[in-house]
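**Student:** Have a look at the structure that comes next, please.
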Amino acid sequence: MTKLIDFCVSIIFRNRIIVVLLFALTTAFLGYQSSQLKLDAGFTKNIPLNHEYMVNYMKHAKDFGGANSILVSVCDKDSDIFNTEFFDTLKNVHDQLFFINGVERSLVKSLFSSSTRFTEIVEGGFAGGPVIPADFDSTNSDALALVSQNIDKAGIVGQLVSDDFKCAMVSAQLLNIDPNTGEKLDTLVLADQLEQQLRGKFENENTSIHIIGFAKMIGDVANGAKDVLTFFAIALAITAVMVYFFSKSIMLTILPLLCSVIAVVWQLGLLTILGFGLDPMSILVPFLVFAIGVSHGVQMINAVGKRVVEGGTSLFAAQSAFRTLLIPGGIALLSDTVGFMTLLVIDIGIIRELAITASLGVAVIILTNLILLPVLMSYVKFSDSYKNKFKNKENRSDKFWNTIAHCSTPKVAYLILFVTAVLFVFGWIQSSKMKIGDLHAGAPALHESSRYNQDTFLITDKYAISVDYISILVETTPEACTSYEVMNAIDELQWKMGNVEGVQSTVSLPSVAKLVNAGYNEGNPKWRVIPRNQQTLVQAIAQIPTSSGLLNTNCSVMPIILFMEDHKAETIKRVVEAVKLFRENYETDDLKFSLASGPVGVMAAKNEAVDDAQNPMMLYVFGAVIILCLLSFRSLRATMSVVIPLYVVSVLAQALMTFLEIGLTVSTLPVIALGVGIGVDYGIYILSTMNIKLKSGMPVRQAYFEALKERGSAVLFTGITLAVGVSTWVFSSLKFQMDMGILLTFMFVVNMLGAIVVLPALAAVFWRKQK
């Protein structure tokens with residue numbers, strides 16, 4: 001290994017100008033590529049396509065529409081909907097939504113849809129027609145009164161009209177493919193069109209527009225994610241100030257920041273070359289790459305500075321730092337990279353893209369901060385005043401490190417380990433209460449006060465429907481809707497599910513057929529049943545078109561739609577478990593109740609995918625760290641000294657999530673892996689120096705003291721700097737960014753404390769015979 005390092009030193013530092021030119025040309029090329037990078041959000045990226053529920057969802061999406069829907073509620077601020085201005089606005093909103101690119105026009109539904117019809121019982125049988133007649137004149141009071149009567153007859157209050165008659169709904173399904181280009185639909189462009197062409201155009205002092213759905217939510221997330229640039233600038237400024245106070249040199253401040261920014265540029269450029277965009281939910285990753293780069297850059301300038309203070313030239317100091325840090329720095333960054341790549345085991349597109357984005361960025365840091373940075377530093381001229389300044393600093397810091405080194409004495413070590421064990425037990429108990437999925441109503445990525453979530457709460461409050469619905473797909477034989485046994489089984493399961501806590505309302509083909517059957521019998525409630533006679537049953541269902549979404553063309557699939565009060569994790573779990581329990585009593589060889597379609601069906605699949613991936617991900621992350629540490633240190637004791645504090649902190653982070661009511665979701669699951677991947681750096685840098693001293697026979701306390709003198713200030717500095725940088729995220733307009741900021745701040749600080757306090761305590765126990 002030594003010969004290989006010497007060879008690298010020889011090649012790199014004898015050709016410094018060539019190395020700098022190669023990096024400059026590559027940066028220019030990848031900088032141009034990164035300028036072509038676009039935000040890329042897609043509905044299918046957010047779902048586990050191979051999950052059982054999603055296989056069923058995709059199989060029947062053509063017949064019943066997907067879970068990617070849009071609801072637009074038009075509300076009158078002063079009175080009810082029955083006035084000229086409101087109906088003119090509603091008509092305009094319907095028409096505008098109909099013509100927005102990416103909307104499935106055949107599934108746009110409102111009072112003005114031709115498929116929105118009423119049926120009434122008259123002396124000769126049934127009569128009916130569209131709720132809004134073709135000759136409707138909104139300025140005619142009689143016409144408005146007629147529409148009011150038709151709405152009551154159609155039974156659409158709570159669906160297309162709010163319970164208080166102050167709002168009316170326009171709903172639509174979205175396509176996955178842009179019909180004009182044949183390419184994937186640009187969700188962010190569509191979200192902007194919804195905002196500009198609907199709310200921007202038709203909302204005024206009398207009318208309010210409320211829009212919810214995945215596309216609108218992800219658009220609001222993307223708008224909020226633009227704040228990341230502000231937070232990046234703030235973090236850059238904070239980091240620059242702190243690096244300057246650490247290094248006391250403008251040049252030593254600029255170089256690690258420059259190399260870290262270059263790493264981000266390379267990362268974004270490589271993403272473009274590989275054909276990826278940057279998802280709004282992954283937009284924080286470049287900042288993390290910058291933070292990791294600064295962390296390793298500070299280790300490099302710290303090592304160079306110490307060699308210069310000892311009397312070495314800039315070139316000698318850079319070569320020495322390169323030799324010293326190539327292995328521990330490379331192992332730490334390789335651990336980060338492999339740790340992030342373990343996220344690929346999660347079968348959700350957005351997490352896999354995050355894994356690729358983070359892995360690319362960290363792999364690039366190996367080149368920019370372990371090769372380019374020492375080469376650039378070899379050109380820096382250090383004045384005598386700089387050297388004298390740091391000689392005095394070294395003497396002053398020895399007293400501080402001597403105090404910290406007491407952590408490696410037996411008595412203090414056992415006390416530290418006892419406290420750590422107590423914290424671990426507490427964290428384990430608390431983390432066992434952590435829930436999978438969203439714990440609050442509304443879009444979890446946004447704050448409760450956001451416009452989107454306020455729109456969600458209004459629609460949920462005023463209507464019996466929302467985007468929070470799940471469909472049980474009843475798969476059977478063709479024409480099964482003419483079978484009393486099949487229809488009765490569906491009806492019974494629907495009734496049971498309607499009584500499950502959290503289910504707001506339900507609808508299915510049998511429930512509508514019962515209403516039609518009563519209509520054929522003068523509306524008598526006694527006839528609101530499923531006819532046993534097949535011909536009568538056929539008569540009842542003949543009035544229900546496939547456009548209702550309650551049956552497919554040959555009546556072989558009939559969904560039971562459950563509208564939920566919310567999409568909280570416990571609500572989804574309760575409903576899904578109830579479906580699995582009840583359906584066992586009704587399923588036969590020819591009748592199958594399959595989960596699931598609808599937005600909540602997608603959430604259920606994501607929750608189960610996250611739950612299934614949680615333990616394997618942790619196993620792979622820690623497995624990768626353990627293997628790399630064993631290869632690096634060739635010592636089980638040293639490996640355990642690094643890994644045990646990491647695991648304790650990961651458990652405490654999960655306990656913190658429980659305490660702060662943060663559920664384990666697609667956006668929070670990667671945080672643990674990111675925290676472990678970055679946190680391992682501290683322990684590796686401390687132990688890389690300490691392990692060499694221990695192998696030479698040096699006592700544990702002295703070895704730890706020497707390691708602190710060499711690496712301690714850089715570890716403390718990077719831990720605090722990274723924590724301060726991500727702590728600014730608590731002011732973000734995005735709730736998921738705020739949550740990530742809290743969790744990462746916690747993990748950065750506590751992992752740093754683990755490396756400074758718990759690691760030496762473990763070393764004192766593992767090497768207790770070494771006096």
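Residue numbering restarts at 1 in every chain; chains get A, B, ... in the order shown in the structure tokens, and ligands count up from 1 in that same order.
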What parts of region 498-595 of chain A does DSSP call strand (DSSP E or B)? I'd like the answer as a list in words.

**Tutor:**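 Strand (DSSP E or B) members of region 498-595 of chain A, listed: Val503, Gln504, Ser505, Thr506, Val507, Val557, Met558, Pro559, Ile560, Ile561, Leu562, Phe563, Met564, Thr588, Leu591, Lys592, Phe593, Ser594 and Leu595 of chain A.
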
**Student:** Take the residues from that selection and put them in a file with N, CA, C and O atoms, as a compact mmCIF listing (two decimals), in the first residue's frame.

**Tutor:**
```txt
# COMPACT_ATOMS: atom_id res chain seq x y z
N VAL A 503 -62.98 6.03 7.34
CA VAL A 503 -63.63 6.03 6.03
C VAL A 503 -64.78 7.02 6.07
O VAL A 503 -65.69 6.89 6.88
N GLN A 504 -64.73 8.01 5.18
CA GLN A 504 -65.72 9.08 5.18
C GLN A 504 -67.00 8.69 4.43
O GLN A 504 -68.10 8.91 4.89
N SER A 505 -66.84 8.10 3.26
CA SER A 505 -67.98 7.66 2.46
C SER A 505 -67.51 6.58 1.49
O SER A 505 -66.29 6.42 1.28
N THR A 506 -68.45 5.84 0.92
CA THR A 506 -68.10 4.76 -0.01
C THR A 506 -69.06 4.79 -1.20
O THR A 506 -70.19 5.29 -1.09
N VAL A 507 -68.62 4.22 -2.29
CA VAL A 507 -69.49 4.08 -3.46
C VAL A 507 -69.03 2.88 -4.27
O VAL A 507 -67.84 2.58 -4.32
N VAL A 557 -64.47 -6.06 -13.88
CA VAL A 557 -63.79 -5.36 -12.79
C VAL A 557 -64.69 -4.24 -12.30
O VAL A 557 -65.17 -3.42 -13.09
N MET A 558 -64.96 -4.23 -10.99
CA MET A 558 -65.83 -3.22 -10.38
C MET A 558 -65.17 -2.72 -9.09
O MET A 558 -65.06 -3.49 -8.14
N PRO A 559 -64.69 -1.48 -9.09
CA PRO A 559 -64.03 -0.98 -7.87
C PRO A 559 -65.02 -0.59 -6.77
O PRO A 559 -66.13 -0.14 -7.05
N ILE A 560 -64.57 -0.80 -5.54
CA ILE A 560 -65.26 -0.22 -4.37
C ILE A 560 -64.41 0.97 -3.95
O ILE A 560 -63.25 0.81 -3.58
N ILE A 561 -64.96 2.18 -4.05
CA ILE A 561 -64.19 3.39 -3.76
C ILE A 561 -64.47 3.85 -2.34
O ILE A 561 -65.62 4.06 -1.96
N LEU A 562 -63.40 3.97 -1.56
CA LEU A 562 -63.51 4.41 -0.17
C LEU A 562 -62.89 5.80 -0.05
O LEU A 562 -61.69 5.97 -0.28
N PHE A 563 -63.70 6.79 0.27
CA PHE A 563 -63.19 8.14 0.49
C PHE A 563 -62.80 8.27 1.96
O PHE A 563 -63.60 8.01 2.85
N MET A 564 -61.55 8.69 2.19
CA MET A 564 -60.97 8.69 3.53
C MET A 564 -61.03 10.08 4.16
O MET A 564 -61.04 11.09 3.46
N THR A 588 -63.69 -15.98 -3.76
CA THR A 588 -63.83 -17.34 -4.31
C THR A 588 -62.85 -17.45 -5.47
O THR A 588 -62.08 -16.53 -5.76
N LEU A 591 -63.91 -14.71 -7.80
CA LEU A 591 -64.15 -13.38 -7.24
C LEU A 591 -62.96 -13.00 -6.36
O LEU A 591 -62.69 -13.65 -5.36
N LYS A 592 -62.27 -11.94 -6.76
CA LYS A 592 -61.06 -11.53 -6.05
C LYS A 592 -61.13 -10.04 -5.72
O LYS A 592 -61.43 -9.23 -6.58
N PHE A 593 -60.85 -9.70 -4.46
CA PHE A 593 -60.83 -8.31 -4.02
C PHE A 593 -59.37 -7.87 -3.91
O PHE A 593 -58.68 -8.24 -2.95
N SER A 594 -58.91 -7.09 -4.90
CA SER A 594 -57.48 -6.74 -4.99
C SER A 594 -57.25 -5.30 -4.53
O SER A 594 -58.02 -4.40 -4.84
N LEU A 595 -56.16 -5.11 -3.78
CA LEU A 595 -55.69 -3.78 -3.43
C LEU A 595 -54.61 -3.39 -4.44
O LEU A 595 -53.83 -4.24 -4.86
```

**Student:** Can you pull out the residues contacting region 398-405 of chain A? Cut-off 8 Å, using only C-alpha atoms, and skip same-chain residues under 3 positions away; I want them as a ChimeraX atom specification.

**Tutor:** /A:394-395,408-409,701-702,704-705,708-709,712,756-757,760

**Student:** Calculated over only C-alpha atoms, which of the candidates A:Arg637, A:Lys3, A:Arg307, A:Lys216 has the smallest distance to Asn68 (chain A)?

**Tutor:** A:Lys216

**Student:** May I have the residues within 8 Å of Ile132 (chain A) as a PyMOL selection string, using only C-alpha atoms and disregarding those fewer than 5 positions away in the same chain?

**Tutor:** chain A and resi 111-112+147+150

**Student:** Would you kindly return, as a list of chain:residue names, each protein, DNA or RNA residue with an atom no farther than 8 Å from any atom of Val364 (chain A), considering only C-alpha atoms and excluding same-chain residues fewer than 4 positions away?

**Tutor:**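 Selected residues are A:Ala263, A:Trp266, A:Gln267, A:Leu360, A:Thr368.
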
**Student:** Take the selection from the previous step and output its residues with N, CA, C and O atoms, as a PDB file, in the first residue's frame.

**Tutor:**
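Generated output (out-v9.pdb):
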```
ATOM      1  N   ALA A 263     -16.970  20.007  -6.912  1.00  0.00           N
ATOM      2  CA  ALA A 263     -17.578  18.677  -6.765  1.00  0.00           C
ATOM      3  C   ALA A 263     -19.067  18.724  -7.078  1.00  0.00           C
ATOM      4  O   ALA A 263     -19.604  17.823  -7.746  1.00  0.00           O
ATOM      5  N   TRP A 266     -19.487  19.075 -10.873  1.00  0.00           N
ATOM      6  CA  TRP A 266     -19.263  17.779 -11.523  1.00  0.00           C
ATOM      7  C   TRP A 266     -20.471  16.859 -11.332  1.00  0.00           C
ATOM      8  O   TRP A 266     -20.891  16.172 -12.260  1.00  0.00           O
ATOM      9  N   GLN A 267     -20.991  16.844 -10.115  1.00  0.00           N
ATOM     10  CA  GLN A 267     -22.145  15.993  -9.826  1.00  0.00           C
ATOM     11  C   GLN A 267     -23.325  16.334 -10.726  1.00  0.00           C
ATOM     12  O   GLN A 267     -23.918  15.441 -11.354  1.00  0.00           O
ATOM     13  N   LEU A 360     -22.855   9.761  -6.804  1.00  0.00           N
ATOM     14  CA  LEU A 360     -22.015  10.453  -7.782  1.00  0.00           C
ATOM     15  C   LEU A 360     -21.262  11.606  -7.128  1.00  0.00           C
ATOM     16  O   LEU A 360     -20.058  11.785  -7.328  1.00  0.00           O
ATOM     17  N   THR A 368     -11.798  15.680  -6.196  1.00  0.00           N
ATOM     18  CA  THR A 368     -11.636  17.126  -6.003  1.00  0.00           C
ATOM     19  C   THR A 368     -10.968  17.484  -4.680  1.00  0.00           C
ATOM     20  O   THR A 368     -10.167  18.422  -4.625  1.00  0.00           O
TER      21      THR A 368
END
```

**Student:** If you count only C-alpha atoms, which residues fall within 9 Å of region 549-554 of chain A, apart from same-chain ones fewer than 5 positions away, as a list in words?

**Tutor:**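 Non-adjacent residues within range: Asp63, Phe64, Gly65, Thr477, Pro478, Glu479, Ala480, Cys481, Val507, Ser508, Leu509, Ile544, Pro559, Ile560 and Ile561 of chain A.
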
**Student:** Write the selection just made, keeping N, CA and C atoms, as a PDB file, in the first residue's frame?

**Tutor:**
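Now in selection17.pdb:
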```pdb
ATOM      1  N   ASP A  63     -58.834   1.709 -17.464  1.00  0.00           N
ATOM      2  CA  ASP A  63     -60.291   1.644 -17.320  1.00  0.00           C
ATOM      3  C   ASP A  63     -60.823   2.642 -16.297  1.00  0.00           C
ATOM      4  N   PHE A  64     -60.082   2.821 -15.203  1.00  0.00           N
ATOM      5  CA  PHE A  64     -60.629   3.611 -14.099  1.00  0.00           C
ATOM      6  C   PHE A  64     -59.826   4.867 -13.790  1.00  0.00           C
ATOM      7  N   GLY A  65     -58.875   5.187 -14.663  1.00  0.00           N
ATOM      8  CA  GLY A  65     -58.053   6.357 -14.391  1.00  0.00           C
ATOM      9  C   GLY A  65     -57.030   6.033 -13.321  1.00  0.00           C
ATOM     10  N   THR A 477     -65.398 -12.615 -13.254  1.00  0.00           N
ATOM     11  CA  THR A 477     -65.610 -13.069 -14.628  1.00  0.00           C
ATOM     12  C   THR A 477     -66.417 -12.029 -15.404  1.00  0.00           C
ATOM     13  N   PRO A 478     -66.332 -12.034 -16.741  1.00  0.00           N
ATOM     14  CA  PRO A 478     -67.126 -11.086 -17.541  1.00  0.00           C
ATOM     15  C   PRO A 478     -68.623 -11.210 -17.242  1.00  0.00           C
ATOM     16  N   GLU A 479     -69.295 -10.076 -17.273  1.00  0.00           N
ATOM     17  CA  GLU A 479     -70.735  -9.966 -17.031  1.00  0.00           C
ATOM     18  C   GLU A 479     -71.134 -10.385 -15.619  1.00  0.00           C
ATOM     19  N   ALA A 480     -70.169 -10.360 -14.699  1.00  0.00           N
ATOM     20  CA  ALA A 480     -70.459 -10.785 -13.323  1.00  0.00           C
ATOM     21  C   ALA A 480     -71.390  -9.819 -12.604  1.00  0.00           C
ATOM     22  N   CYS A 481     -71.547  -8.614 -13.140  1.00  0.00           N
ATOM     23  CA  CYS A 481     -72.429  -7.661 -12.481  1.00  0.00           C
ATOM     24  C   CYS A 481     -73.903  -8.057 -12.622  1.00  0.00           C
ATOM     25  N   VAL A 507     -68.620   4.216  -2.293  1.00  0.00           N
ATOM     26  CA  VAL A 507     -69.494   4.084  -3.455  1.00  0.00           C
ATOM     27  C   VAL A 507     -69.028   2.885  -4.273  1.00  0.00           C
ATOM     28  N   SER A 508     -69.974   2.189  -4.868  1.00  0.00           N
ATOM     29  CA  SER A 508     -69.657   1.051  -5.731  1.00  0.00           C
ATOM     30  C   SER A 508     -70.833   0.829  -6.678  1.00  0.00           C
ATOM     31  N   LEU A 509     -70.682  -0.087  -7.602  1.00  0.00           N
ATOM     32  CA  LEU A 509     -71.762  -0.393  -8.543  1.00  0.00           C
ATOM     33  C   LEU A 509     -73.013  -0.898  -7.818  1.00  0.00           C
ATOM     34  N   ILE A 544     -76.253   2.646 -15.548  1.00  0.00           N
ATOM     35  CA  ILE A 544     -74.977   3.132 -15.010  1.00  0.00           C
ATOM     36  C   ILE A 544     -73.899   2.994 -16.084  1.00  0.00           C
ATOM     37  N   PRO A 559     -64.695  -1.480  -9.086  1.00  0.00           N
ATOM     38  CA  PRO A 559     -64.033  -0.981  -7.873  1.00  0.00           C
ATOM     39  C   PRO A 559     -65.017  -0.594  -6.773  1.00  0.00           C
ATOM     40  N   ILE A 560     -64.574  -0.796  -5.537  1.00  0.00           N
ATOM     41  CA  ILE A 560     -65.257  -0.217  -4.374  1.00  0.00           C
ATOM     42  C   ILE A 560     -64.408   0.973  -3.954  1.00  0.00           C
ATOM     43  N   ILE A 561     -64.959   2.180  -4.048  1.00  0.00           N
ATOM     44  CA  ILE A 561     -64.193   3.394  -3.764  1.00  0.00           C
ATOM     45  C   ILE A 561     -64.474   3.845  -2.340  1.00  0.00           C
TER      46      ILE A 561
END
```

**Student:** Quick one: residues within 10 Å of Met752 (chain A), only C-alpha atoms, excluding same-chain residues fewer than 5 positions away - as a ChimeraX atom specification?

**Tutor:** /A:645-646,679-683,715-720,746-747,757-758

**Student:** Of the residues A:Lys462, A:Val170, A:Cys407, A:Ser483, which is the one nearest to Ala755 (chain A), using only C-alpha atoms?

**Tutor:** A:Cys407

**Student:** Just list the residues in region 563-734 of chain A DSSP gives alpha helix (DSSP H) on the backbone, as number ranges by chain.

**Tutor:** A: 569-583, 599-633, 636-659, 669-695, 700-707, 713-727

**Student:** What does the distance from CA of Thr89 (chain A) to CA of Phe202 (chain A) come to in Å, to one decimal?

**Tutor:** 6.7 Å

**Student:** Can you work out the spacing between CA of Asn140 (chain A) and CA of Gln96 (chain A) in Å, to one decimal?

**Tutor:**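 Taking CA of Asn140 (chain A) and CA of Gln96 (chain A), their separation equals 23.8 Å.
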
**Student:** A:Val362, A:Leu160, A:Trp767, A:Phe99: which is nearest Leu190 (chain A), counting only C-alpha atoms?

**Tutor:**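 Of the candidates, the smallest distance to Leu190 (chain A) is held by A:Phe99.
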
**Student:** Enter the distance from CA of Glu353 (chain A) to CA of Lys62 (chain A), in Å, rounded to one decimal.

**Tutor:**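 If I compute the distance from CA of Glu353 (chain A) to CA of Lys62 (chain A), I get 27.1 Å.
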
**Student:** Choose the residue, out of A:Ala613, A:Ile211, A:Val309, A:Ile327, that has the smallest atom-to-atom separation from Ile5 (chain A); count only C-alpha atoms.

**Tutor:**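 Of A:Ala613, A:Ile211, A:Val309, A:Ile327, the one nearest Ile5 (chain A) is A:Ile327, counting only C-alpha atoms.
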
**Student:** Neighbouring residues of Val651 (chain A) were defined as those with any atom within 8 Å, considering only C-alpha atoms; residues of the same chain fewer than 3 positions away were excluded. Please report them as an NGL selection string.

**Tutor:** :A and (424 or 427-428 or 431 or 647-648 or 654-655)

**Student:** Quick one: of A:Phe136, A:Phe736, A:Tyr57, A:Phe659, who's nearest to Ser282 (chain A), counting only C-alpha atoms?

**Tutor:**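 Smallest distance to Ser282 (chain A) is found for A:Phe736.
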
**Student:** Nearest to Ile47 (chain A): which of A:Val602, A:Leu581, A:Ile365, A:Leu288 is it, counting only C-alpha atoms?

**Tutor:** A:Val602
